[in-house]
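What's in work-v5.pdb: PDB, N, CA and C atoms
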ATOM      1  N   MET C 158      92.544  66.686  99.715
ATOM      2  CA  MET C 158      92.572  68.133  99.672
ATOM      3  C   MET C 158      93.984  68.667  99.960
ATOM      4  N   TRP C 159      94.611  68.181 101.026
ATOM      5  CA  TRP C 159      95.940  68.684 101.384
ATOM      6  C   TRP C 159      96.968  68.351 100.322
ATOM      7  N   LYS C 160      96.789  67.212  99.652
ATOM      8  CA  LYS C 160      97.712  66.854  98.578
ATOM      9  C   LYS C 160      97.643  67.897  97.454
ATOM     10  N   ASP C 161      96.413  68.320  97.114
ATOM     11  CA  ASP C 161      96.239  69.344  96.079
ATOM     12  C   ASP C 161      96.907  70.649  96.479
ATOM     13  N   VAL C 162      96.803  71.003  97.748
ATOM     14  CA  VAL C 162      97.405  72.246  98.234
ATOM     15  C   VAL C 162      98.924  72.133  98.246
ATOM     16  N   LEU C 163      99.428  71.006  98.733
ATOM     17  CA  LEU C 163     100.877  70.845  98.852
ATOM     18  C   LEU C 163     101.582  70.743  97.502
ATOM     19  N   PHE C 164     100.897  70.224  96.491
ATOM     20  CA  PHE C 164     101.500  70.098  95.171
ATOM     21  C   PHE C 164     101.021  71.176  94.197
ATOM     22  N   PHE C 165     100.437  72.230  94.721
ATOM     23  CA  PHE C 165     100.028  73.418  93.955
ATOM     24  C   PHE C 165      99.018  73.112  92.855
ATOM     25  N   ASP C 166      98.175  72.091  93.073
ATOM     26  CA  ASP C 166      97.096  71.836  92.122
ATOM     27  C   ASP C 166      95.910  72.757  92.372
ATOM     28  N   VAL C 167      95.815  73.287  93.583
ATOM     29  CA  VAL C 167      94.760  74.236  93.954
ATOM     30  C   VAL C 167      95.440  75.526  94.395
ATOM     31  N   MET C 168      94.929  76.646  93.932
ATOM     32  CA  MET C 168      95.502  77.936  94.293
ATOM     33  C   MET C 168      94.804  78.508  95.526
ATOM     34  N   LEU C 169      95.581  78.863  96.524
ATOM     35  CA  LEU C 169      95.036  79.472  97.735
ATOM     36  C   LEU C 169      94.957  80.991  97.631
ATOM     37  N   THR C 170      95.810  81.555  96.816
ATOM     38  CA  THR C 170      95.922  83.012  96.754
ATOM     39  C   THR C 170      94.618  83.713  96.376
ATOM     40  N   PRO C 171      93.793  83.191  95.452
ATOM     41  CA  PRO C 171      92.525  83.888  95.181
ATOM     42  C   PRO C 171      91.643  84.029  96.420
ATOM     43  N   LYS C 172      91.657  83.029  97.289
ATOM     44  CA  LYS C 172      90.873  83.131  98.523
ATOM     45  C   LYS C 172      91.486  84.179  99.454
ATOM     46  N   ILE C 173      92.804  84.226  99.481
ATOM     47  CA  ILE C 173      93.487  85.223 100.308
ATOM     48  C   ILE C 173      93.231  86.620  99.763
ATOM     49  N   ILE C 174      93.244  86.768  98.443
ATOM     50  CA  ILE C 174      92.985  88.066  97.822
ATOM     51  C   ILE C 174      91.576  88.549  98.162
ATOM     52  N   THR C 175      90.611  87.642  98.177
ATOM     53  CA  THR C 175      89.244  88.024  98.547
ATOM     54  C   THR C 175      89.200  88.534  99.979
ATOM     55  N   PHE C 176      89.887  87.843 100.887
ATOM     56  CA  PHE C 176      89.942  88.271 102.288
ATOM     57  C   PHE C 176      90.626  89.629 102.413
ATOM     58  N   VAL C 177      91.742  89.813 101.697
ATOM     59  CA  VAL C 177      92.467  91.089 101.733
ATOM     60  C   VAL C 177      91.619  92.204 101.142
ATOM     61  N   TYR C 178      90.821  91.889 100.110
ATOM     62  CA  TYR C 178      89.921  92.885  99.522
ATOM     63  C   TYR C 178      88.970  93.441 100.575
ATOM     64  N   TRP C 179      88.355  92.545 101.355
ATOM     65  CA  TRP C 179      87.405  93.004 102.372
ATOM     66  C   TRP C 179      88.109  93.802 103.466
ATOM     67  N   LEU C 180      89.325  93.399 103.835
ATOM     68  CA  LEU C 180      90.077  94.173 104.828
ATOM     69  C   LEU C 180      90.422  95.568 104.300
ATOM     70  N   LEU C 181      90.875  95.639 103.050
ATOM     71  CA  LEU C 181      91.210  96.936 102.462
ATOM     72  C   LEU C 181      89.971  97.813 102.309
ATOM     73  N   LEU C 182      88.859  97.203 101.935
ATOM     74  CA  LEU C 182      87.614  97.959 101.805
ATOM     75  C   LEU C 182      87.184  98.522 103.158
ATOM     76  N   LEU C 183      87.316  97.725 104.208
ATOM     77  CA  LEU C 183      87.016  98.214 105.549
ATOM     78  C   LEU C 183      87.947  99.372 105.915
ATOM     79  N   GLY C 184      89.226  99.248 105.590
ATOM     80  CA  GLY C 184      90.176 100.326 105.855
ATOM     81  C   GLY C 184      89.840 101.599 105.093
ATOM     82  N   VAL C 185      89.404 101.451 103.847
ATOM     83  CA  VAL C 185      89.023 102.617 103.037
ATOM     84  C   VAL C 185      87.815 103.313 103.655
ATOM     85  N   VAL C 186      86.829 102.542 104.060
ATOM     86  CA  VAL C 186      85.621 103.130 104.650
ATOM     87  C   VAL C 186      85.956 103.827 105.963
ATOM     88  N   LEU C 187      86.767 103.188 106.798
ATOM     89  CA  LEU C 187      87.132 103.814 108.070
ATOM     90  C   LEU C 187      87.956 105.083 107.869
ATOM     91  N   SER C 188      88.881 105.065 106.909
ATOM     92  CA  SER C 188      89.660 106.279 106.664
ATOM     93  C   SER C 188      88.793 107.375 106.052
ATOM     94  N   GLY C 189      87.835 106.989 105.213
ATOM     95  CA  GLY C 189      86.912 107.972 104.658
ATOM     96  C   GLY C 189      86.045 108.598 105.729
ATOM     97  N   LEU C 190      85.560 107.765 106.650
ATOM     98  CA  LEU C 190      84.763 108.299 107.759
ATOM     99  C   LEU C 190      85.620 109.177 108.658
ATOM    100  N   GLY C 191      86.874 108.784 108.857
ATOM    101  CA  GLY C 191      87.783 109.616 109.644
ATOM    102  C   GLY C 191      88.021 110.964 108.992
ATOM    103  N   ALA C 192      88.155 110.969 107.665
ATOM    104  CA  ALA C 192      88.349 112.232 106.951
ATOM    105  C   ALA C 192      87.093 113.091 106.991
ATOM    106  N   MET C 193      85.936 112.448 107.005
ATOM    107  CA  MET C 193      84.678 113.207 107.041
ATOM    108  C   MET C 193      84.515 113.982 108.340
ATOM    109  N   PHE C 194      84.873 113.360 109.435
ATOM    110  CA  PHE C 194      84.558 113.948 110.734
ATOM    111  C   PHE C 194      85.779 114.384 111.525
ATOM    112  N   ALA C 195      86.946 114.395 110.899
ATOM    113  CA  ALA C 195      88.158 114.855 111.582
ATOM    114  C   ALA C 195      88.110 116.372 111.743
ATOM    115  N   GLY C 196      88.359 116.847 112.937
ATOM    116  CA  GLY C 196      88.389 118.289 113.184
ATOM    117  C   GLY C 196      87.023 118.936 113.118
ATOM    118  N   GLY C 197      85.979 118.203 113.411
ATOM    119  CA  GLY C 197      84.632 118.765 113.347
ATOM    120  C   GLY C 197      84.010 118.514 111.995
ATOM    121  N   PHE C 198      82.746 118.800 111.902
ATOM    122  CA  PHE C 198      82.013 118.551 110.671
ATOM    123  C   PHE C 198      82.067 119.782 109.775
ATOM    124  N   SER C 199      82.536 119.584 108.550
ATOM    125  CA  SER C 199      82.515 120.655 107.550
ATOM    126  C   SER C 199      82.183 120.031 106.200
ATOM    127  N   PHE C 200      81.686 120.853 105.309
ATOM    128  CA  PHE C 200      81.309 120.336 103.994
ATOM    129  C   PHE C 200      82.531 119.830 103.233
ATOM    130  N   GLY C 201      83.644 120.556 103.330
ATOM    131  CA  GLY C 201      84.872 120.151 102.635
ATOM    132  C   GLY C 201      85.397 118.821 103.143
ATOM    133  N   GLY C 202      85.412 118.650 104.457
ATOM    134  CA  GLY C 202      85.856 117.390 105.037
ATOM    135  C   GLY C 202      84.931 116.244 104.675
ATOM    136  N   PHE C 203      83.641 116.506 104.686
ATOM    137  CA  PHE C 203      82.659 115.488 104.326
ATOM    138  C   PHE C 203      82.845 115.072 102.871
ATOM    139  N   PHE C 204      83.023 116.050 101.983
ATOM    140  CA  PHE C 204      83.216 115.769 100.561
ATOM    141  C   PHE C 204      84.504 114.989 100.334
ATOM    142  N   LYS C 205      85.561 115.367 101.056
ATOM    143  CA  LYS C 205      86.838 114.660 100.936
ATOM    144  C   LYS C 205      86.688 113.212 101.395
ATOM    145  N   GLY C 206      85.954 112.978 102.461
ATOM    146  CA  GLY C 206      85.711 111.621 102.940
ATOM    147  C   GLY C 206      84.927 110.788 101.949
ATOM    148  N   VAL C 207      83.920 111.402 101.326
ATOM    149  CA  VAL C 207      83.137 110.689 100.320
ATOM    150  C   VAL C 207      84.019 110.328  99.128
ATOM    151  N   LEU C 208      84.900 111.226  98.734
ATOM    152  CA  LEU C 208      85.827 110.933  97.632
ATOM    153  C   LEU C 208      86.788 109.813  98.008
ATOM    154  N   TYR C 209      87.305 109.837  99.233
ATOM    155  CA  TYR C 209      88.179 108.756  99.706
ATOM    156  C   TYR C 209      87.471 107.420  99.604
ATOM    157  N   ILE C 210      86.240 107.380 100.071
ATOM    158  CA  ILE C 210      85.498 106.123 100.067
ATOM    159  C   ILE C 210      85.213 105.681  98.626
ATOM    160  N   GLY C 211      84.765 106.588  97.799
ATOM    161  CA  GLY C 211      84.419 106.242  96.416
ATOM    162  C   GLY C 211      85.619 105.775  95.610
ATOM    163  N   PHE C 212      86.647 106.611  95.547
ATOM    164  CA  PHE C 212      87.813 106.261  94.740
ATOM    165  C   PHE C 212      88.651 105.171  95.394
ATOM    166  N   GLY C 213      88.689 105.142  96.710
ATOM    167  CA  GLY C 213      89.417 104.082  97.401
ATOM    168  C   GLY C 213      88.790 102.726  97.159
ATOM    169  N   ALA C 214      87.461 102.660  97.252
ATOM    170  CA  ALA C 214      86.766 101.398  96.999
ATOM    171  C   ALA C 214      86.958 100.960  95.551
ATOM    172  N   LEU C 215      86.920 101.905  94.634
ATOM    173  CA  LEU C 215      87.136 101.590  93.225
ATOM    174  C   LEU C 215      88.563 101.075  92.997
ATOM    175  N   GLY C 216      89.538 101.735  93.588
ATOM    176  CA  GLY C 216      90.931 101.315  93.438
ATOM    177  C   GLY C 216      91.188  99.939  94.024
ATOM    178  N   VAL C 217      90.630  99.678  95.195
ATOM    179  CA  VAL C 217      90.796  98.365  95.827
ATOM    180  C   VAL C 217      90.141  97.285  94.974
ATOM    181  N   ARG C 218      88.970  97.582  94.433
ATOM    182  CA  ARG C 218      88.269  96.602  93.594
ATOM    183  C   ARG C 218      89.067  96.303  92.324
ATOM    184  N   ILE C 219      89.597  97.344  91.679
ATOM    185  CA  ILE C 219      90.373  97.146  90.452
ATOM    186  C   ILE C 219      91.620  96.320  90.742
ATOM    187  N   TRP C 220      92.328  96.633  91.827
ATOM    188  CA  TRP C 220      93.522  95.878  92.183
ATOM    189  C   TRP C 220      93.178  94.410  92.426
ATOM    190  N   SER C 221      92.110  94.166  93.165
ATOM    191  CA  SER C 221      91.715  92.791  93.482
ATOM    192  C   SER C 221      91.319  92.028  92.217
ATOM    193  N   GLU C 222      90.571  92.661  91.346
ATOM    194  CA  GLU C 222      90.153  91.994  90.122
ATOM    195  C   GLU C 222      91.347  91.674  89.231
ATOM    196  N   LEU C 223      92.322  92.574  89.160
ATOM    197  CA  LEU C 223      93.513  92.299  88.353
ATOM    198  C   LEU C 223      94.288  91.110  88.906
ATOM    199  N   MET C 224      94.374  90.999  90.211
ATOM    200  CA  MET C 224      95.057  89.859  90.813
ATOM    201  C   MET C 224      94.295  88.561  90.537
ATOM    202  N   ILE C 225      92.979  88.595  90.651
ATOM    203  CA  ILE C 225      92.168  87.409  90.407
ATOM    204  C   ILE C 225      92.252  86.997  88.930
ATOM    205  N   VAL C 226      92.305  87.965  88.025
ATOM    206  CA  VAL C 226      92.399  87.659  86.593
ATOM    207  C   VAL C 226      93.654  86.843  86.307
ATOM    208  N   LEU C 227      94.750  87.163  86.963
ATOM    209  CA  LEU C 227      95.980  86.392  86.753
ATOM    210  C   LEU C 227      95.772  84.923  87.106
ATOM    211  N   PHE C 228      95.069  84.663  88.174
ATOM    212  CA  PHE C 228      94.834  83.281  88.571
ATOM    213  C   PHE C 228      93.783  82.602  87.691
ATOM    214  N   LYS C 229      92.841  83.353  87.175
ATOM    215  CA  LYS C 229      91.874  82.783  86.233
ATOM    216  C   LYS C 229      92.570  82.384  84.933
ATOM    217  N   ILE C 230      93.524  83.205  84.492
ATOM    218  CA  ILE C 230      94.301  82.868  83.297
ATOM    219  C   ILE C 230      95.049  81.561  83.538
ATOM    220  N   ASN C 231      95.659  81.442  84.705
ATOM    221  CA  ASN C 231      96.373  80.216  85.049
ATOM    222  C   ASN C 231      95.432  79.015  85.027
ATOM    223  N   SER C 232      94.257  79.165  85.586
ATOM    224  CA  SER C 232      93.287  78.072  85.618
ATOM    225  C   SER C 232      92.873  77.661  84.205
ATOM    226  N   ASN C 233      92.630  78.634  83.362
ATOM    227  CA  ASN C 233      92.228  78.324  81.988
ATOM    228  C   ASN C 233      93.358  77.685  81.194
ATOM    229  N   ILE C 234      94.573  78.101  81.422
ATOM    230  CA  ILE C 234      95.712  77.491  80.741
ATOM    231  C   ILE C 234      95.880  76.044  81.200
ATOM    232  N   GLN C 235      95.648  75.784  82.485
ATOM    233  CA  GLN C 235      95.715  74.403  82.974
ATOM    234  C   GLN C 235      94.639  73.538  82.325
ATOM    235  N   LYS C 236      93.441  74.081  82.138
ATOM    236  CA  LYS C 236      92.378  73.336  81.464
ATOM    237  C   LYS C 236      92.762  73.011  80.029
ATOM    238  N   LEU C 237      93.377  73.976  79.352
ATOM    239  CA  LEU C 237      93.833  73.730  77.975
ATOM    240  C   LEU C 237      94.923  72.670  77.941
ATOM    241  N   ALA C 238      95.827  72.709  78.882
ATOM    242  CA  ALA C 238      96.907  71.728  78.936
ATOM    243  C   ALA C 238      96.372  70.332  79.222
ATOM    244  N   ASP C 239      95.327  70.249  80.056
ATOM    245  CA  ASP C 239      94.754  68.947  80.373
ATOM    246  C   ASP C 239      93.998  68.335  79.194
ATOM    247  N   LYS C 240      93.502  69.182  78.294
ATOM    248  CA  LYS C 240      92.785  68.703  77.112
ATOM    249  C   LYS C 240      93.731  67.991  76.141
ATOM    250  N   THR C 241      94.959  68.470  76.062
ATOM    251  CA  THR C 241      95.879  67.936  75.058
ATOM    252  C   THR C 241      96.675  66.757  75.556
TER
END
Is it possible to give me this structure as structure tokens?
Amino acid sequence: MWKDVLFFDVMLTPKIITFVYWLLLLGVVLSGLGAMFAGGFSFGGFFKGVLYIGFGALGVRIWSELMIVLFKINSNIQKLADKT
């Protein structure tokens, strides 16, 4: 296993990206909740918090998927290279 890691036969970054995704998602939810209840409860603040959570979660997911796609492309190219 360590030989694969040391010689870059296995990619660690996709696992790190998954971990970072969950951390960013937690940050988005906490900031959205903070926006909802900052300065007392109001409909505008609540709506702003819901938007933060919705669009923030979507943005984090899109960023994570784009990063993972790059590594999937690499994996597929390696499979093609191994065939020939």
Show me, as CSV, the residues of range 210-237 of chain C having an atom within 8 Å of range 177-201 of chain C, each with the closest atom pair and its distance in Å, using only C-alpha atoms.
residue,atom,partner,partner_atom,distance
C:Ile210,CA,C:Gly189,CA,5.1
C:Gly213,CA,C:Val185,CA,5.8
C:Ala214,CA,C:Leu182,CA,6.0
C:Val217,CA,C:Tyr178,CA,6.7
C:Arg218,CA,C:Tyr178,CA,7.2
C:Ser221,CA,C:Tyr178,CA,6.3
Report task. Quick one: pull the distance between CA of Tyr209 in chain C and CA of Leu223 in chain C, Å, one decimal. Result ->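 These two atoms are separated by 20.7 Å.
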Report task. Could you please write out, as a ChimeraX atom specification, every residue of chain C that DSSP assigns to helix (DSSP H, G or I)? Result -> /C:159-163,170-194,200-240
Report task. Would you mind reading off the distance between atom N of Phe164 in chain C and CA of Gln235 in chain C, one decimal, in Å? Result -> 15.1 Å
Query - Closest of C:Ile230, C:Leu237, C:Met224, C:Leu163 to Thr175 in chain C - atom-to-atom distances counting only C-alpha atoms - result: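 Using only C-alpha atoms, Thr175 in chain C sits closest to C:Met224.
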Report task. Take atom N of Val226 in chain C and atom N of Ile173 in chain C and report the distance between them in Å, one decimal. Result ->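 Taking atom N of Val226 in chain C as the start and atom N of Ile173 in chain C as the end point, the length is 12.1 Å.
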My structure is short of atoms at range 166-177 of chain C; please model all heavy atoms there, returning them as a compact mmCIF listing (two decimals), in the frame of the given file.
# COMPACT_ATOMS: atom_id res chain seq x y z
N ASP C 166 98.18 72.09 93.07
CA ASP C 166 97.10 71.84 92.12
C ASP C 166 95.91 72.76 92.37
O ASP C 166 95.09 72.98 91.49
CB ASP C 166 96.65 70.38 92.22
CG ASP C 166 97.73 69.42 91.74
OD1 ASP C 166 98.50 69.81 90.86
OD2 ASP C 166 97.79 68.30 92.28
N VAL C 167 95.82 73.29 93.58
CA VAL C 167 94.76 74.24 93.95
C VAL C 167 95.44 75.53 94.40
O VAL C 167 96.42 75.50 95.13
CB VAL C 167 93.89 73.67 95.11
CG1 VAL C 167 92.92 74.71 95.60
CG2 VAL C 167 93.19 72.41 94.67
N MET C 168 94.93 76.65 93.93
CA MET C 168 95.50 77.94 94.29
C MET C 168 94.80 78.51 95.53
O MET C 168 93.58 78.61 95.56
CB MET C 168 95.37 78.92 93.13
CG MET C 168 96.16 78.56 91.92
SD MET C 168 97.91 78.79 92.26
CE MET C 168 98.63 77.94 90.91
N LEU C 169 95.58 78.86 96.52
CA LEU C 169 95.04 79.47 97.74
C LEU C 169 94.96 80.99 97.63
O LEU C 169 94.14 81.62 98.30
CB LEU C 169 95.91 79.11 98.94
CG LEU C 169 95.95 77.66 99.36
CD1 LEU C 169 96.91 77.48 100.52
CD2 LEU C 169 94.58 77.20 99.75
N THR C 170 95.81 81.56 96.82
CA THR C 170 95.92 83.01 96.75
C THR C 170 94.62 83.71 96.38
O THR C 170 94.33 84.77 96.93
CB THR C 170 97.07 83.42 95.81
OG1 THR C 170 98.23 82.69 96.18
CG2 THR C 170 97.36 84.89 95.90
N PRO C 171 93.79 83.19 95.45
CA PRO C 171 92.52 83.89 95.18
C PRO C 171 91.64 84.03 96.42
O PRO C 171 90.98 85.05 96.60
CB PRO C 171 91.86 83.01 94.11
CG PRO C 171 92.99 82.39 93.40
CD PRO C 171 94.02 82.12 94.46
N LYS C 172 91.66 83.03 97.29
CA LYS C 172 90.87 83.13 98.52
C LYS C 172 91.49 84.18 99.45
O LYS C 172 90.77 84.94 100.11
CB LYS C 172 90.81 81.77 99.21
CG LYS C 172 90.01 80.75 98.43
CD LYS C 172 90.10 79.39 99.07
CE LYS C 172 89.34 78.35 98.31
NZ LYS C 172 89.88 77.97 97.03
N ILE C 173 92.80 84.23 99.48
CA ILE C 173 93.49 85.22 100.31
C ILE C 173 93.23 86.62 99.76
O ILE C 173 93.00 87.56 100.52
CB ILE C 173 95.00 84.92 100.39
CG1 ILE C 173 95.22 83.59 101.13
CG2 ILE C 173 95.76 86.05 101.05
CD1 ILE C 173 96.63 83.08 101.07
N ILE C 174 93.24 86.77 98.44
CA ILE C 174 92.98 88.07 97.82
C ILE C 174 91.58 88.55 98.16
O ILE C 174 91.37 89.73 98.43
CB ILE C 174 93.20 88.01 96.30
CG1 ILE C 174 94.69 87.84 96.00
CG2 ILE C 174 92.66 89.25 95.61
CD1 ILE C 174 95.01 87.57 94.55
N THR C 175 90.61 87.64 98.18
CA THR C 175 89.24 88.02 98.55
C THR C 175 89.20 88.53 99.98
O THR C 175 88.56 89.56 100.27
CB THR C 175 88.30 86.82 98.37
OG1 THR C 175 88.37 86.37 97.03
CG2 THR C 175 86.87 87.19 98.71
N PHE C 176 89.89 87.84 100.89
CA PHE C 176 89.94 88.27 102.29
C PHE C 176 90.63 89.63 102.41
O PHE C 176 90.14 90.52 103.12
CB PHE C 176 90.67 87.21 103.12
CG PHE C 176 90.80 87.57 104.57
CD1 PHE C 176 89.69 87.57 105.39
CD2 PHE C 176 92.02 87.93 105.10
CE1 PHE C 176 89.80 87.90 106.73
CE2 PHE C 176 92.15 88.26 106.43
CZ PHE C 176 91.03 88.25 107.25
N VAL C 177 91.74 89.81 101.70
CA VAL C 177 92.47 91.09 101.73
C VAL C 177 91.62 92.20 101.14
O VAL C 177 91.65 93.34 101.63
CB VAL C 177 93.83 90.96 101.00
CG1 VAL C 177 94.49 92.30 100.78
CG2 VAL C 177 94.75 90.02 101.76
